[in-house]
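Asks: Okay, so here is upload26.txt, and as you'll see once you scroll down, it has compact mmCIF, C-alpha atoms.
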```
# COMPACT_ATOMS: atom_id res chain seq x y z
CA MET A 965 32.59 -22.24 -16.56
CA ASP A 966 29.00 -22.74 -15.34
CA GLN A 967 30.32 -23.83 -11.91
CA GLN A 968 32.51 -20.72 -11.71
CA LEU A 969 29.52 -18.55 -12.59
CA GLN A 970 27.38 -20.21 -9.93
CA VAL A 971 30.04 -19.76 -7.26
CA PHE A 972 30.58 -16.12 -8.25
CA VAL A 973 26.85 -15.31 -8.20
CA THR A 974 26.40 -17.00 -4.81
CA VAL A 975 29.33 -15.10 -3.25
CA ALA A 976 27.99 -11.84 -4.70
CA GLU A 977 24.52 -12.45 -3.27
CA MET A 978 25.70 -13.72 0.12
CA GLU A 979 28.39 -11.01 0.38
CA ASN A 980 30.42 -13.50 2.38
CA PHE A 981 32.70 -16.44 1.44
CA SER A 982 31.71 -18.57 4.46
CA ARG A 983 27.95 -18.24 3.87
CA ALA A 984 28.45 -18.88 0.15
CA ALA A 985 30.42 -22.04 0.97
CA GLU A 986 27.59 -23.28 3.20
CA GLU A 987 25.00 -22.53 0.51
CA LEU A 988 27.05 -24.38 -2.13
CA HIS A 989 28.04 -27.26 0.20
CA MET A 990 31.70 -26.51 -0.46
CA THR A 991 34.69 -25.59 1.68
CA GLN A 992 35.62 -21.93 1.98
CA PRO A 993 39.09 -22.48 0.40
CA ALA A 994 37.40 -24.14 -2.59
CA VAL A 995 35.10 -21.14 -3.03
CA SER A 996 38.09 -18.79 -2.83
CA GLN A 997 39.93 -20.82 -5.47
CA TYR A 998 36.93 -20.70 -7.81
CA ILE A 999 36.71 -16.91 -7.43
CA GLN A 1000 40.45 -16.40 -7.99
CA SER A 1001 40.36 -18.63 -11.08
CA PHE A 1002 37.30 -16.81 -12.43
CA GLU A 1003 38.91 -13.40 -11.89
CA ARG A 1004 42.02 -14.59 -13.75
CA THR A 1005 39.80 -15.74 -16.61
CA MET A 1006 38.05 -12.36 -16.71
CA GLY A 1007 41.36 -10.51 -16.44
CA THR A 1008 40.32 -8.25 -13.57
CA LYS A 1009 39.21 -8.19 -9.95
CA LEU A 1010 35.44 -8.52 -9.55
CA LEU A 1011 35.04 -8.32 -5.77
CA GLU A 1012 36.11 -5.85 -3.11
CA ARG A 1013 37.16 -7.82 -0.01
CA SER A 1014 37.51 -6.79 3.63
CA ASN A 1015 37.26 -8.52 7.00
CA LYS A 1016 33.59 -7.49 7.26
CA PHE A 1017 32.19 -7.84 3.75
CA VAL A 1018 32.63 -8.92 0.13
CA ARG A 1019 31.12 -6.57 -2.44
CA LEU A 1020 30.95 -6.27 -6.20
CA ASN A 1021 33.09 -3.62 -7.81
CA LYS A 1022 32.06 -1.96 -11.09
CA ALA A 1023 33.39 -4.83 -13.22
CA GLY A 1024 31.78 -7.32 -10.84
CA GLU A 1025 28.37 -5.66 -11.26
CA ILE A 1026 28.62 -6.08 -15.03
CA VAL A 1027 29.67 -9.72 -14.74
CA TYR A 1028 26.98 -10.46 -12.12
CA HIS A 1029 24.22 -9.08 -14.35
CA HIS A 1030 25.27 -11.22 -17.31
CA ALA A 1031 26.06 -14.26 -15.16
CA LYS A 1032 22.45 -14.32 -13.92
CA GLU A 1033 21.22 -14.32 -17.51
CA ILE A 1034 23.68 -17.02 -18.58
CA LEU A 1035 22.76 -19.29 -15.68
CA GLY A 1036 19.08 -18.77 -16.42
CA LEU A 1037 19.61 -19.76 -20.05
CA TYR A 1038 21.77 -22.74 -19.07
CA THR A 1039 19.08 -24.04 -16.71
CA LYS A 1040 16.38 -23.55 -19.34
CA MET A 1041 18.48 -25.39 -21.95
CA HIS A 1042 19.01 -28.28 -19.54
CA TYR A 1043 15.30 -28.71 -18.87
CA LEU A 1044 14.36 -28.40 -22.54
CA ILE A 1045 16.70 -31.29 -23.38
CA ASP A 1046 15.52 -33.26 -20.35
CA ASP A 1047 11.90 -32.79 -21.41
CA LEU A 1048 12.47 -34.64 -24.66
CA THR A 1049 12.55 -38.00 -22.89
CA ASN A 1050 10.98 -37.49 -19.47
CA LYS A 1051 7.58 -36.80 -17.95
CA THR A 1052 6.26 -33.30 -17.44
CA SER A 1053 8.18 -32.22 -14.35
CA GLY A 1054 10.75 -29.83 -12.98
CA PRO A 1055 10.84 -26.23 -11.81
CA LEU A 1056 8.75 -23.47 -13.35
CA SER A 1057 9.46 -19.85 -12.41
CA ILE A 1058 6.38 -17.66 -12.84
CA GLY A 1059 6.14 -13.92 -12.40
CA ALA A 1060 2.84 -12.09 -12.14
CA SER A 1061 1.64 -8.57 -11.51
CA TYR A 1062 -0.17 -8.07 -8.23
CA THR A 1063 -3.80 -8.40 -9.28
CA TYR A 1064 -3.43 -11.59 -11.29
CA GLY A 1065 -0.74 -13.04 -9.08
CA GLU A 1066 -2.60 -12.60 -5.80
CA TYR A 1067 -6.21 -13.19 -6.84
CA VAL A 1068 -6.26 -15.46 -9.92
CA LEU A 1069 -2.96 -17.30 -10.25
CA PRO A 1070 -3.37 -19.44 -7.09
CA HIS A 1071 -6.41 -21.13 -8.67
CA VAL A 1072 -4.47 -21.88 -11.88
CA ILE A 1073 -1.54 -23.27 -9.88
CA ALA A 1074 -3.87 -25.51 -7.86
CA LYS A 1075 -5.35 -26.94 -11.06
CA MET A 1076 -1.89 -27.51 -12.50
CA TYR A 1077 -0.70 -29.24 -9.34
CA MET A 1078 -3.64 -31.65 -9.46
CA LYS A 1079 -2.84 -32.63 -13.07
CA TYR A 1080 0.96 -32.38 -12.97
CA PRO A 1081 2.23 -32.92 -9.42
CA LEU A 1082 5.86 -33.24 -10.54
CA ILE A 1083 6.00 -29.58 -11.64
CA THR A 1084 7.42 -27.38 -8.87
CA PRO A 1085 6.39 -23.75 -9.44
CA THR A 1086 7.94 -20.72 -7.78
CA ILE A 1087 6.01 -17.46 -7.85
CA THR A 1088 7.37 -13.92 -7.96
CA ILE A 1089 4.92 -11.05 -7.52
CA GLY A 1090 5.77 -7.54 -8.71
CA ASN A 1091 4.35 -4.74 -10.78
CA THR A 1092 4.15 -5.09 -14.56
CA LYS A 1093 7.51 -3.44 -15.28
CA GLU A 1094 9.33 -5.51 -12.64
CA VAL A 1095 7.95 -8.80 -13.97
CA ALA A 1096 8.82 -7.94 -17.57
CA LYS A 1097 12.38 -7.02 -16.55
CA LEU A 1098 12.88 -10.41 -14.87
CA VAL A 1099 11.58 -12.25 -17.94
CA LEU A 1100 13.95 -10.22 -20.13
CA GLY A 1101 16.81 -11.20 -17.84
CA HIS A 1102 15.95 -14.93 -18.12
CA GLN A 1103 15.26 -15.00 -14.38
CA LEU A 1104 11.63 -16.00 -14.97
CA ASP A 1105 10.27 -18.56 -17.42
CA VAL A 1106 7.03 -16.65 -17.93
CA GLY A 1107 5.37 -13.46 -16.77
CA ILE A 1108 1.74 -12.38 -16.51
CA VAL A 1109 1.18 -8.63 -16.79
CA GLU A 1110 -1.69 -6.17 -16.89
CA GLY A 1111 -2.75 -3.48 -19.33
CA GLU A 1112 -1.35 -2.34 -22.66
CA PHE A 1113 2.23 -3.51 -22.16
CA LYS A 1114 4.63 -3.48 -25.12
CA ASP A 1115 8.26 -4.58 -25.55
CA LYS A 1116 9.87 -5.55 -28.85
CA ASN A 1117 12.16 -8.05 -27.07
CA LEU A 1118 9.30 -10.06 -25.57
CA VAL A 1119 6.58 -12.29 -26.98
CA ILE A 1120 3.32 -10.83 -25.61
CA GLU A 1121 0.02 -12.73 -25.80
CA PRO A 1122 -3.23 -11.30 -24.33
CA PHE A 1123 -5.22 -14.19 -22.87
CA ALA A 1124 -7.89 -12.86 -20.49
CA GLU A 1125 -10.03 -9.79 -19.84
CA ASP A 1126 -10.56 -7.93 -16.58
CA SER A 1127 -13.01 -5.21 -15.49
CA MET A 1128 -12.03 -2.24 -13.32
CA TYR A 1129 -14.57 -0.67 -10.94
CA LEU A 1130 -14.64 2.43 -8.74
CA VAL A 1131 -15.11 1.38 -5.10
CA ALA A 1132 -15.72 3.11 -1.80
CA SER A 1133 -16.70 2.26 1.76
CA PRO A 1134 -20.44 1.54 2.22
CA LYS A 1135 -20.45 4.52 4.61
CA HIS A 1136 -18.94 6.87 2.01
CA SER A 1137 -21.21 9.68 0.78
CA LEU A 1138 -20.93 8.47 -2.83
CA ALA A 1139 -22.15 5.01 -1.82
CA GLN A 1140 -25.30 6.52 -0.34
CA LYS A 1141 -26.45 8.01 -3.64
CA ASN A 1142 -28.86 6.34 -6.04
CA GLY A 1143 -28.12 6.29 -9.76
CA GLU A 1144 -25.01 7.52 -11.53
CA ILE A 1145 -22.87 10.17 -9.90
CA ASN A 1146 -21.61 13.32 -11.58
CA ILE A 1147 -18.05 13.15 -12.90
CA SER A 1148 -17.26 16.50 -11.24
CA GLU A 1149 -17.81 14.92 -7.82
CA LEU A 1150 -14.88 12.56 -8.38
CA GLU A 1151 -12.39 15.43 -8.47
CA GLU A 1152 -13.19 16.28 -4.86
CA GLU A 1153 -12.41 12.78 -3.61
CA THR A 1154 -9.19 11.42 -2.16
CA TRP A 1155 -7.96 8.84 -4.68
CA ILE A 1156 -5.85 5.93 -3.47
CA VAL A 1157 -3.71 4.71 -6.35
CA ARG A 1158 -0.97 2.15 -7.01
CA GLU A 1159 2.64 3.10 -7.74
CA ASN A 1160 3.98 4.05 -11.17
CA GLY A 1161 4.78 0.94 -13.22
CA SER A 1162 1.68 -0.86 -12.00
CA GLY A 1163 -0.94 -1.98 -14.53
CA THR A 1164 -3.68 -0.84 -12.16
CA ARG A 1165 -2.12 2.64 -11.98
CA GLU A 1166 -2.01 2.74 -15.79
CA VAL A 1167 -5.76 2.09 -16.01
CA THR A 1168 -6.48 4.62 -13.27
CA GLU A 1169 -4.61 7.31 -15.22
CA LYS A 1170 -6.57 6.26 -18.31
CA MET A 1171 -9.82 6.77 -16.41
CA PHE A 1172 -8.73 10.25 -15.27
CA ARG A 1173 -8.15 11.19 -18.92
CA LEU A 1174 -11.39 9.57 -20.07
CA CYS A 1175 -13.47 11.37 -17.45
CA GLU A 1176 -11.42 14.57 -17.82
CA ILE A 1177 -10.82 14.88 -14.10
CA ILE A 1178 -7.82 16.03 -12.09
CA PRO A 1179 -8.10 14.69 -8.51
CA LYS A 1180 -7.32 17.29 -5.87
CA LYS A 1181 -5.66 14.69 -3.65
CA THR A 1182 -4.06 11.30 -4.34
CA LEU A 1183 -2.37 8.81 -2.03
CA GLU A 1184 0.05 6.28 -3.56
CA PHE A 1185 0.18 2.82 -1.99
CA GLY A 1186 2.24 -0.14 -3.21
CA SER A 1187 -0.22 -2.91 -2.35
CA THR A 1188 -3.74 -3.70 -3.55
CA GLN A 1189 -4.60 -5.22 -0.17
CA LEU A 1190 -3.49 -2.04 1.60
CA ILE A 1191 -5.62 0.01 -0.79
CA LYS A 1192 -8.69 -2.15 -0.14
CA GLU A 1193 -8.27 -1.88 3.63
CA SER A 1194 -7.83 1.89 3.35
CA VAL A 1195 -10.94 2.26 1.20
CA GLU A 1196 -12.94 0.11 3.63
CA ALA A 1197 -11.75 2.40 6.43
CA GLY A 1198 -13.14 5.41 4.56
CA LEU A 1199 -9.80 6.98 3.61
CA GLY A 1200 -10.79 7.48 -0.03
CA VAL A 1201 -11.90 5.83 -3.26
CA SER A 1202 -10.01 3.66 -5.74
CA LEU A 1203 -10.27 1.94 -9.12
CA LEU A 1204 -9.69 -1.78 -8.63
CA SER A 1205 -9.99 -5.07 -10.50
CA TYR A 1206 -13.05 -7.30 -10.37
CA TRP A 1207 -10.82 -10.09 -9.09
CA ALA A 1208 -9.49 -7.97 -6.24
CA ILE A 1209 -12.87 -6.76 -4.93
CA ARG A 1210 -15.34 -9.57 -5.61
CA LYS A 1211 -15.17 -11.05 -2.07
CA GLU A 1212 -15.44 -7.66 -0.36
CA CYS A 1213 -18.37 -6.62 -2.56
CA SER A 1214 -20.20 -9.89 -1.86
CA MET A 1215 -19.67 -9.39 1.88
CA GLY A 1216 -20.73 -5.74 1.73
CA SER A 1217 -17.46 -4.24 3.00
CA LEU A 1218 -16.90 -2.41 -0.32
CA ASN A 1219 -19.44 -0.74 -2.59
CA ILE A 1220 -19.17 -0.15 -6.34
CA ILE A 1221 -19.82 3.47 -7.31
CA ASN A 1222 -22.00 3.82 -10.40
CA VAL A 1223 -20.14 5.92 -12.98
CA LYS A 1224 -21.25 6.08 -16.63
CA GLN A 1225 -17.78 5.42 -18.12
CA LEU A 1226 -17.14 2.38 -15.92
CA PRO A 1227 -16.20 -0.42 -15.74
CA ILE A 1228 -13.05 -0.03 -17.82
CA LYS A 1229 -11.83 -3.19 -19.54
CA ARG A 1230 -8.21 -4.26 -19.72
CA LYS A 1231 -6.23 -7.34 -20.75
CA PHE A 1232 -4.03 -9.77 -18.89
CA SER A 1233 -1.10 -10.88 -21.08
CA VAL A 1234 1.55 -13.60 -21.01
CA VAL A 1235 5.11 -12.42 -21.66
CA LEU A 1236 7.88 -14.76 -22.81
CA ARG A 1237 11.49 -14.24 -23.83
CA SER A 1238 12.10 -17.44 -25.80
CA PRO A 1239 9.89 -19.35 -28.26
CA PHE A 1240 11.27 -22.63 -26.84
CA GLN A 1241 9.21 -24.04 -24.00
CA THR A 1242 9.69 -26.80 -21.47
CA LYS A 1243 6.79 -29.22 -21.04
CA ALA A 1244 6.09 -27.61 -17.67
CA LEU A 1245 5.76 -24.18 -19.27
CA SER A 1246 3.64 -25.54 -22.12
CA VAL A 1247 1.06 -27.12 -19.83
CA PHE A 1248 0.96 -24.00 -17.66
CA LEU A 1249 0.22 -21.85 -20.71
CA GLU A 1250 -2.51 -24.28 -21.78
CA LEU A 1251 -4.16 -23.93 -18.37
CA LEU A 1252 -3.97 -20.15 -18.60
CA ARG A 1253 -5.67 -20.15 -21.99
CA GLU A 1254 -8.39 -22.51 -20.70
CA SER A 1255 -9.18 -19.90 -18.06
CA ASN A 1256 -9.67 -17.28 -20.78
CA LYS A 1257 -13.27 -16.41 -20.04
CA ALA A 1258 -14.96 -13.04 -20.02
CA ILE A 1259 -15.14 -11.59 -16.54
CA PRO A 1260 -18.79 -11.13 -15.45
CA ASP A 1261 -19.91 -7.72 -14.28
CA LEU A 1262 -20.55 -7.26 -10.58
```
Let me see the file written as structure tokens.

Replies:
Amino acid sequence: MDQQLQVFVTVAEMENFSRAAEELHMTQPAVSQYIQSFERTMGTKLLERSNKFVRLNKAGEIVYHHAKEILGLYTKMHYLIDDLTNKTSGPLSIGASYTYGEYVLPHVIAKMYMKYPLITPTITIGNTKEVAKLVLGHQLDVGIVEGEFKDKNLVIEPFAEDSMYLVASPKHSLAQKNGEINISELEEETWIVRENGSGTREVTEKMFRLCEIIPKKTLEFGSTQLIKESVEAGLGVSLLSYWAIRKECSMGSLNIINVKQLPIKRKFSVVLRSPFQTKALSVFLELLRESNKAIPDL
């Protein structure tokens, strides 16, 4: 059954029998036979076929969703059993929200690779909600998310603290002022914010409530790097993580704006679906916890 599931998922993702056969190192007739046998087992057609494409029908979408979860669980079970007798090795699928994934995680992975070179990590970067969804679907072994995330179906463990600062271009009028600025001045600024579902966006909205401000203009960008470049160019101001801005602040391309209520603190958390862990996952979590140090103020 696991082979049938793998063939079905590959055909669904490739949308083509020939490309699926190449990916699976099988002949096209063999792939077709697997699909026909699987559809007989399920008691219904799962794919719409034409000369140009192969697509999931409604039943196929349901089966595809669950097949991905089943294959993820099967792979995890295999490596858990294998870990009982072998060295720490094998694949480790890690998901992380943008800030941690792009600015902190590479250093953790480098340390892990030095100690455990037989572990082969793959990294998926997305916003907090996207990462949690993939962990729930058994498509990631572990996720790292930002902010006050909650889900009764996941094991959530805060492990590190971050600080969020208001930043602007050194040429911005707010950066030219000495001392703390008035909260009312922030309403007049163009705020560059992350998309909904992002941990950084969540903290930004929290700051708006805390400071009791309603920005007159906001721009929504889906990348922290794009936000930093836009702020440097003088397009507006933004609330960003210590980890995301430390290089730019040290080089003088971004300035921190002194506001009484800032910085705002938030947590980075590990999210897991299963209490059972491969050796690779266990050592990765140990390295994460070792890096659990308070973030210094800039």

Asks: Residues within 6 Å of Ser1133 of chain A, please, as a PyMOL selection string. Count all atoms listed in the file; anything in the same chain fewer than 2 positions from it doesn't count.

Replies: chain A and resi 1135-1136+1195-1196+1198+1218-1219

Asks: When you count all atoms listed in the file, which of these residues is closest to Glu1254 of chain A: A:Met1076, A:Leu1190, A:Val1167, A:Ile999?

Replies: A:Met1076

Asks: Tell me, in Å to one decimal, how far atom CA of Asn1117 of chain A is from atom CA of Gly1090 of chain A.

Replies: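 Interatomic distance, atom CA of Asn1117 of chain A to atom CA of Gly1090 of chain A: 19.4 Å.
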
Asks: Check the smallest atom-to-atom distance from each of A:Ile1147, A:Met1006, A:Leu1035, A:Val1131 to Lys1192 of chain A using all atoms listed in the file, then report the winner.

Replies: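 Among the listed residues, the smallest separation from Lys1192 of chain A belongs to A:Val1131.
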
Asks: Go through A:Gln1225, A:Lys1141, A:Met1215, A:Ser1014 and flag the residue nearest Met1171 of chain A, using only C-alpha atoms for the distances.

Replies: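 Checking each candidate against Met1171 of chain A, we get A:Gln1225 as the closest.
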
Asks: What separation in Å, quoted to one decimal, exists between atom CA of Thr1092 of chain A and atom CA of Glu1250 of chain A?

Replies: 21.6 Å

Asks: Report, in Å to a single decimal, how far apart atom CA of Lys1231 of chain A and atom CA of Glu1112 of chain A are.

Replies: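 According to the coordinates, atom CA of Glu1112 of chain A and atom CA of Lys1231 of chain A are separated by 7.2 Å.
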
Asks: Select, from A:Phe1123, A:Tyr1129, A:Phe1113, A:Tyr1080, the residue with the minimum atom-to-atom distance to Phe1232 of chain A, counting only C-alpha atoms.

Replies: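 Counting only C-alpha atoms, the residue closest to Phe1232 of chain A is A:Phe1123.
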
Asks: With all atoms listed in the file as the basis for distance, which of A:Thr1084, A:Asn1015, A:Ser996, A:Ser1194 is at the shortest distance from Thr974 of chain A?

Replies: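 Nearest candidate to Thr974 of chain A out of A:Thr1084, A:Asn1015, A:Ser996, A:Ser1194: A:Ser996.
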
Asks: Between A:Ala984, A:Ala1074, A:Ile1087, A:Ile1221, which one has atoms that come closest to Ser1137 of chain A, using only C-alpha atoms?

Replies: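 Under the stated criterion, the closest residue is A:Ile1221.
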
Asks: Name all residues at most 8 Å from Val1106 of chain A (count only C-alpha atoms; drop same-chain ones fewer than 3 positions away) and give them as a list in words.

Replies: Ser1057, Ile1058, Gly1059, Val1099, Val1234, Val1235, Leu1236, Arg1237 and Leu1245 of chain A

Asks: Taking (-7.1, 16.6, -8.2) in the file's own coordinates, collect the residues within 7 Å, counting all atoms listed in the file, and hand them back as JSON, numbers by chain.

Replies: {"A": [1151, 1152, 1178, 1179, 1180, 1181]}

Asks: Give me the residues within 10 Å of Tyr1064 of chain A as a VMD selection string, counting all atoms listed in the file and dropping any in the same chain fewer than 6 places off.

Replies: chain A and resid 1070 1089 1108 to 1110 1126 1205 1207 to 1208 1232
